[in-house]
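Undergrad: Quick one: this structure, given as structure tokens, is what I'll be asking you about.
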Amino acid sequence: MFLPDFYWPLMGFLILAGFGSACEYSPGICGAWADGDIRIGVLSSCHSKVQTLHVRERPEKYNCTQLNLISLVRTLAVVHTIETINNSSFLPGVRLGYYICDTCSDASKAIQSTEQLLAVNGTLPVQCELLERPNVKAIIGARFSEDSLAVARLLSLYMVPQISTTSSAQTLGDRVRYPAFLRTIPSDVHQTKALVNFMKYFHWDWVGVVYGDDDYGKNALQSFLADSEVADICHAFKEVLPHYLAHNEIDKRIQEVAETIRLSEAKVVVLILKEELVSKLFKEMIRQNISRTWIASDAWSMSRNISQMEGINQVGDIFGFTFITGPNPGFKEFLQQLTLSPGSVNLFLEEYKQLGKDAGFLTEAVDISMTYGERLAVWSIAHALKHLLNCNETDCPGERDFPPWKLLKELKKINFTMENQTFYFNASGNFINGYDLINWQPQEASDLPNCLPCENDTWSLKGWNSCKPKEEDYWKWDGSHAIVLLTFTAIGYLLLLFTLIILLVFYGKPVMKQAGGTLCFVMMVGLALSYTSVILFIGKPNVHICRGRQILYALGFSLTVSCILVKALRTFVSFLPPYRQEQAKRFYKPPVIITCGTLIQVLICILWLIFDSPAVEAFQSDQSMIITVQCNEGSGIGFGIMLCYIALLAFVCFLMAFKGRKAPQAFNVTGHIILSMLIYLFVWVCFTPVYIAKVNERYSIQAAAILVSCYGVILCHFAPKWYMALCKKKEQLTREAYIARANNHIDSVDVIPEITLEPD
């Protein structure tokens, strides 16, 4: 049954009046605090229950028990965020303090804790005028809607802003009754609609409902019943459980509800309960071996305590909705160290340390992404303070002992961005940030004395209780490495095609002969083979790909460099003294040079494939689910000899071009040969130590080295021919023009008949 609207403010007034008239009991200090220029209050259910719940005849101390780790972590998230802001320059010259009081998951205790937070100099006298300057300027909390409803009535009297991160009861959005209440989550009205739509999608039209007798459970139930009626979803049963864990008949009611579920034909059950009640109910489900499909409300949908219960897999499938979570930078490290700032006190943390848990236990016991709401709440207050205090880059000159209603006014106007999402309070005081739909995955075989073997190429890492297939790592066609390589390879092919078109258009003309004639076509074949080898670096390797990519490059670039060797020899011989040209002509046999230069590499590759062939290797680290699949060039000897042979050809080209560098500039290609061979030698000298050291990126570096080498040849040997063909006048490209230019540079040159001079 619902309490009348006047109940909570009346109860709050009576409690305050009792304290103001010097009753025998005065509340103790809060459980955690740190002083500051502006103080924020925190109401947290750090303990799950009050030990004895009975009809009281006089004020007495609440005996809170059962430390709640989820609430503790949420509280520490507030502390961490406050310290983060204090250590930044967001509020220059202003230090935020905090007081954290325990509600013990009890509405009456929550009011008592609120009185402590609002007290000035330890007391809160009841006055006719409004309380203008309380101890805290805003309060974060409470966790449960039952507690928040009680506190919200009291805080609305003094217009002290209250921001909850978990209280989702629809009625809290009433701006008339709760004008000072805000929250970083949506109202339950959206959650129940989402639940109904989810059930409608799966055609679950016969369901049971179990809810708590607190305001959260009752409000959510009414909203769910209204929405489900519209969607033609019928209810097999509606069972209620007491919200207070210390209730005398709670165990009896758990058994009665379990029996109702067992006897009902409904296979889907909605649980609008807090985590501790669900845990008790599931223990009974497991004991009776009852399995259903469960729909979780936000109060327990992310509970690790429940997910790690022994036998939890027996209860059936679990779906649920949870508030959108997010990161909390540095909070994991904060929980692992649990070191507070100087001058702060935290009795809750001291109680936790007495449990004897490891320093990092909290990060395992609680999903810290759920603390995103606490981070948002503190930053909301910080943004409002920034405006209220007129902060600039160096100071916040505004009055710091302001009445809380001014802060509430600024809170309603905030609009800030975090993780690329904009946050603000709507007209009902809610954040509209949606929900995440989750599906609990069953856990496997963890209490076995010996590990079970994984089958069908699956694997399990240390501490896992299930086997999963490994992921193979190689250069996939849609990966960034592959896209870059394919782009540059495609550009290389286009440049070769462009060169081919130029040569065909000017075929038989002087510019074609000066470019080297048919020698250019042979070079282009070698470059095309080299570019093709780069494509074979992409995709899942196999033995044929591993062999092919190295052989294609070896033969292709050997063919290219052999052609360049002919060009270097031609220039070198052309400008020898006349008495040495006759001897040198005997060695100038282009077909023989190109054929021999390439066949030697063919022989090297054949021996490499026979005695030390490339193969595929797959390896992984002990604590990794990724299998790296890559090529292995064998012992590396054949691979090294192949590269050394190309380097030898390139070095000979370089030497000959260097020797012939004094030839007339108009016919001198030695500069192009020298530059292209220097590029090749430099790139592969850099690659060698990378390959020897077995660096993980050695294959990407090799592919890049192939591309750079090919581009060096194209730009040094073919680009000048583009210019000659496209930019020079036709009369400058005739044979007579070249001879005339030669006569201007050479007094007497005994030109070898087989050699065509090549102008620059």
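Chain labels follow the order of the structure tokens: the first chain is A, the next B, and so on; residue numbering restarts at 1 in every chain, and ligands are counted from 1 in their shown order.
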Identify, on the basis of only C-alpha atoms, every residue whose closest approach to Ala231 (chain A) does not exceed 12 Å; exclude the query and any residue fewer than 3 positions from it along the same chain; express the result as a VMD selection string.

TA: chain A and resid 192 to 201 203 to 206 224 to 228 234 to 235

Undergrad: Check region 333-477 of chain A with DSSP on the backbone and list each residue it calls helix (DSSP H, G or I), as a PyMOL selection string.

TA: chain A and resi 333-337+347-353+361-365+368-388+404-411

Undergrad: Quick one: write out the picked residues with C-alpha atoms as a PDB file, in the first residue's frame?

TA:
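Saved file again11.pdb follows:
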```pdb
ATOM      1  CA  GLU A 333      44.130   1.877 -10.520  1.00  0.00           C
ATOM      2  CA  PHE A 334      42.525   3.819  -7.657  1.00  0.00           C
ATOM      3  CA  LEU A 335      40.730   0.661  -6.462  1.00  0.00           C
ATOM      4  CA  GLN A 336      43.900  -1.394  -6.745  1.00  0.00           C
ATOM      5  CA  GLN A 337      45.814   1.042  -4.533  1.00  0.00           C
ATOM      6  CA  LEU A 347      35.662   4.229   7.887  1.00  0.00           C
ATOM      7  CA  PHE A 348      33.855   2.142   5.258  1.00  0.00           C
ATOM      8  CA  LEU A 349      37.167   1.495   3.545  1.00  0.00           C
ATOM      9  CA  GLU A 350      38.748   0.509   6.846  1.00  0.00           C
ATOM     10  CA  GLU A 351      35.931  -1.977   7.409  1.00  0.00           C
ATOM     11  CA  TYR A 352      36.530  -3.437   3.953  1.00  0.00           C
ATOM     12  CA  LYS A 353      40.257  -3.844   4.597  1.00  0.00           C
ATOM     13  CA  PHE A 361      39.618  -7.663  -5.267  1.00  0.00           C
ATOM     14  CA  LEU A 362      37.094  -4.873  -5.808  1.00  0.00           C
ATOM     15  CA  THR A 363      37.928  -4.657  -9.516  1.00  0.00           C
ATOM     16  CA  GLU A 364      37.006  -8.339  -9.850  1.00  0.00           C
ATOM     17  CA  ALA A 365      33.955  -8.361  -7.585  1.00  0.00           C
ATOM     18  CA  ILE A 368      33.373  -0.733 -12.362  1.00  0.00           C
ATOM     19  CA  SER A 369      31.779   0.453 -15.608  1.00  0.00           C
ATOM     20  CA  MET A 370      28.559   0.779 -13.563  1.00  0.00           C
ATOM     21  CA  THR A 371      30.116   3.745 -11.732  1.00  0.00           C
ATOM     22  CA  TYR A 372      29.754   5.922 -14.830  1.00  0.00           C
ATOM     23  CA  GLY A 373      26.673   7.512 -13.271  1.00  0.00           C
ATOM     24  CA  GLU A 374      28.648   8.623 -10.202  1.00  0.00           C
ATOM     25  CA  ARG A 375      31.246  10.195 -12.460  1.00  0.00           C
ATOM     26  CA  LEU A 376      28.508  12.031 -14.368  1.00  0.00           C
ATOM     27  CA  ALA A 377      26.883  13.233 -11.142  1.00  0.00           C
ATOM     28  CA  VAL A 378      30.090  14.777  -9.774  1.00  0.00           C
ATOM     29  CA  TRP A 379      30.978  16.376 -13.098  1.00  0.00           C
ATOM     30  CA  SER A 380      27.442  17.783 -13.348  1.00  0.00           C
ATOM     31  CA  ILE A 381      27.960  19.539 -10.028  1.00  0.00           C
ATOM     32  CA  ALA A 382      31.414  20.727 -11.127  1.00  0.00           C
ATOM     33  CA  HIS A 383      30.025  22.230 -14.351  1.00  0.00           C
ATOM     34  CA  ALA A 384      27.245  23.966 -12.435  1.00  0.00           C
ATOM     35  CA  LEU A 385      29.770  25.344  -9.906  1.00  0.00           C
ATOM     36  CA  LYS A 386      31.939  26.652 -12.741  1.00  0.00           C
ATOM     37  CA  HIS A 387      29.069  28.868 -13.873  1.00  0.00           C
ATOM     38  CA  LEU A 388      27.846  29.755 -10.405  1.00  0.00           C
ATOM     39  CA  PRO A 404      21.940  25.479  -2.414  1.00  0.00           C
ATOM     40  CA  TRP A 405      18.992  26.640  -4.508  1.00  0.00           C
ATOM     41  CA  LYS A 406      21.363  28.716  -6.626  1.00  0.00           C
ATOM     42  CA  LEU A 407      23.384  25.602  -7.434  1.00  0.00           C
ATOM     43  CA  LEU A 408      20.149  23.757  -8.263  1.00  0.00           C
ATOM     44  CA  LYS A 409      19.265  26.506 -10.710  1.00  0.00           C
ATOM     45  CA  GLU A 410      22.604  26.110 -12.494  1.00  0.00           C
ATOM     46  CA  LEU A 411      22.354  22.305 -12.502  1.00  0.00           C
TER      47      LEU A 411
END
```

Undergrad: Write out as a ChimeraX atom specification which residues come within 10 Å of Gly217 (chain A) when counting only C-alpha atoms, dropping same-chain ones fewer than 3 positions away.

TA: /A:145-146,169,210-214,220-223,240-241,243,271-274,297

Undergrad: Excluding Thr84 (chain A) and any residue of its chain fewer than 4 positions from it, enumerate the residues within 10 Å of it, using only C-alpha atoms, and give them as a ChimeraX atom specification.

TA: /A:78-80,88-90,329-331

Undergrad: List every residue of region 39-142 of chain A that has an atom at most 12 Å from any atom of region 244-249 of chain A, and for each one report the closest atom pair and its distance in Å to one decimal, counting only C-alpha atoms, with rows sorted by chain and then by increasing residue number, as a tab-separated table.

TA:
```
residue	atom	partner	partner_atom	distance
A:His47	CA	A:Leu245	CA	11.0
A:Ser48	CA	A:Leu245	CA	7.5
A:Lys49	CA	A:Leu245	CA	5.9
A:Val50	CA	A:Ala246	CA	6.5
A:Gln51	CA	A:Ala246	CA	6.2
A:Thr52	CA	A:Ala246	CA	6.6
A:Leu53	CA	A:Ala246	CA	6.5
A:His54	CA	A:His247	CA	9.1
A:Asn63	CA	A:Ala246	CA	11.3
A:Cys64	CA	A:Ala246	CA	10.4
A:Thr65	CA	A:Ala246	CA	9.9
A:Gln66	CA	A:Leu245	CA	10.2
A:Cys104	CA	A:Tyr244	CA	10.0
A:Ser105	CA	A:Tyr244	CA	7.7
A:Asp106	CA	A:Tyr244	CA	7.5
A:Ala107	CA	A:Tyr244	CA	10.1
A:Ser108	CA	A:Tyr244	CA	11.9
```

Undergrad: Would you pick out the contacts of Val713 (chain A) at 12 Å or less, using only C-alpha atoms, so that residues sharing its chain but fewer than 5 positions from it are not included, and give the list as JSON, numbers by chain?

TA: {"A": [492, 495, 496, 520, 523, 524, 526, 527, 528, 530, 557, 560, 561, 563, 564, 650, 672, 673, 674, 675, 676, 677, 678, 679, 680, 706, 707, 708, 718, 719, 720]}

Undergrad: Under the rule that only C-alpha atoms are counted, which of A:Glu60, A:Leu389, A:Asn430, A:Glu256 is the nearest residue to Ser164 (chain A)?

TA: A:Asn430

Undergrad: So which residues touch region 538-552 of chain A within 7 Å, counting only C-alpha atoms, skipping near sequence neighbours fewer than 5 positions away, as a short mmCIF file (atom, residue, chain, number, x, y, z; two decimals) with N, CA and C atoms, in the first residue's frame?

TA:
```cif
data_model
loop_
_atom_site.label_atom_id
_atom_site.label_comp_id
_atom_site.auth_asym_id
_atom_site.auth_seq_id
_atom_site.Cartn_x
_atom_site.Cartn_y
_atom_site.Cartn_z
N TYR A 474 46.72 -12.41 -39.43
CA TYR A 474 47.53 -12.21 -40.63
C TYR A 474 46.96 -10.98 -41.34
N TRP A 475 47.60 -10.59 -42.40
CA TRP A 475 47.15 -9.39 -43.11
C TRP A 475 45.89 -9.69 -43.90
N LYS A 476 44.76 -9.30 -43.33
CA LYS A 476 43.49 -9.51 -44.01
C LYS A 476 43.29 -8.44 -45.08
N TRP A 477 42.50 -8.78 -46.08
CA TRP A 477 42.34 -7.90 -47.23
C TRP A 477 41.70 -6.57 -46.88
N ALA A 482 46.92 -3.97 -45.41
CA ALA A 482 46.62 -4.43 -46.77
C ALA A 482 46.16 -3.29 -47.66
N LEU A 529 56.41 -7.99 -62.13
CA LEU A 529 56.55 -9.17 -61.28
C LEU A 529 56.84 -8.76 -59.83
N SER A 530 57.65 -7.73 -59.64
CA SER A 530 57.97 -7.27 -58.28
C SER A 530 56.74 -6.73 -57.57
N SER A 533 54.52 -9.50 -56.39
CA SER A 533 54.98 -10.17 -55.18
C SER A 533 54.44 -9.50 -53.92
N CYS A 605 67.37 -19.54 -56.69
CA CYS A 605 66.02 -19.81 -56.18
C CYS A 605 65.70 -21.31 -56.20
N PRO A 614 60.96 -21.85 -48.24
CA PRO A 614 60.05 -21.11 -47.34
C PRO A 614 58.84 -21.97 -46.98
N ALA A 615 58.30 -21.74 -45.80
CA ALA A 615 57.14 -22.50 -45.32
C ALA A 615 56.27 -21.60 -44.46
N VAL A 616 55.14 -22.14 -44.02
CA VAL A 616 54.20 -21.41 -43.16
C VAL A 616 54.47 -21.79 -41.71
N VAL A 629 49.90 -16.22 -37.99
CA VAL A 629 50.23 -17.06 -39.14
C VAL A 629 51.08 -16.23 -40.09
N GLN A 630 52.28 -16.70 -40.37
CA GLN A 630 53.17 -15.95 -41.24
C GLN A 630 54.13 -16.90 -41.96
N CYS A 631 54.85 -16.36 -42.93
CA CYS A 631 55.80 -17.15 -43.70
C CYS A 631 57.15 -17.19 -42.99
#
```
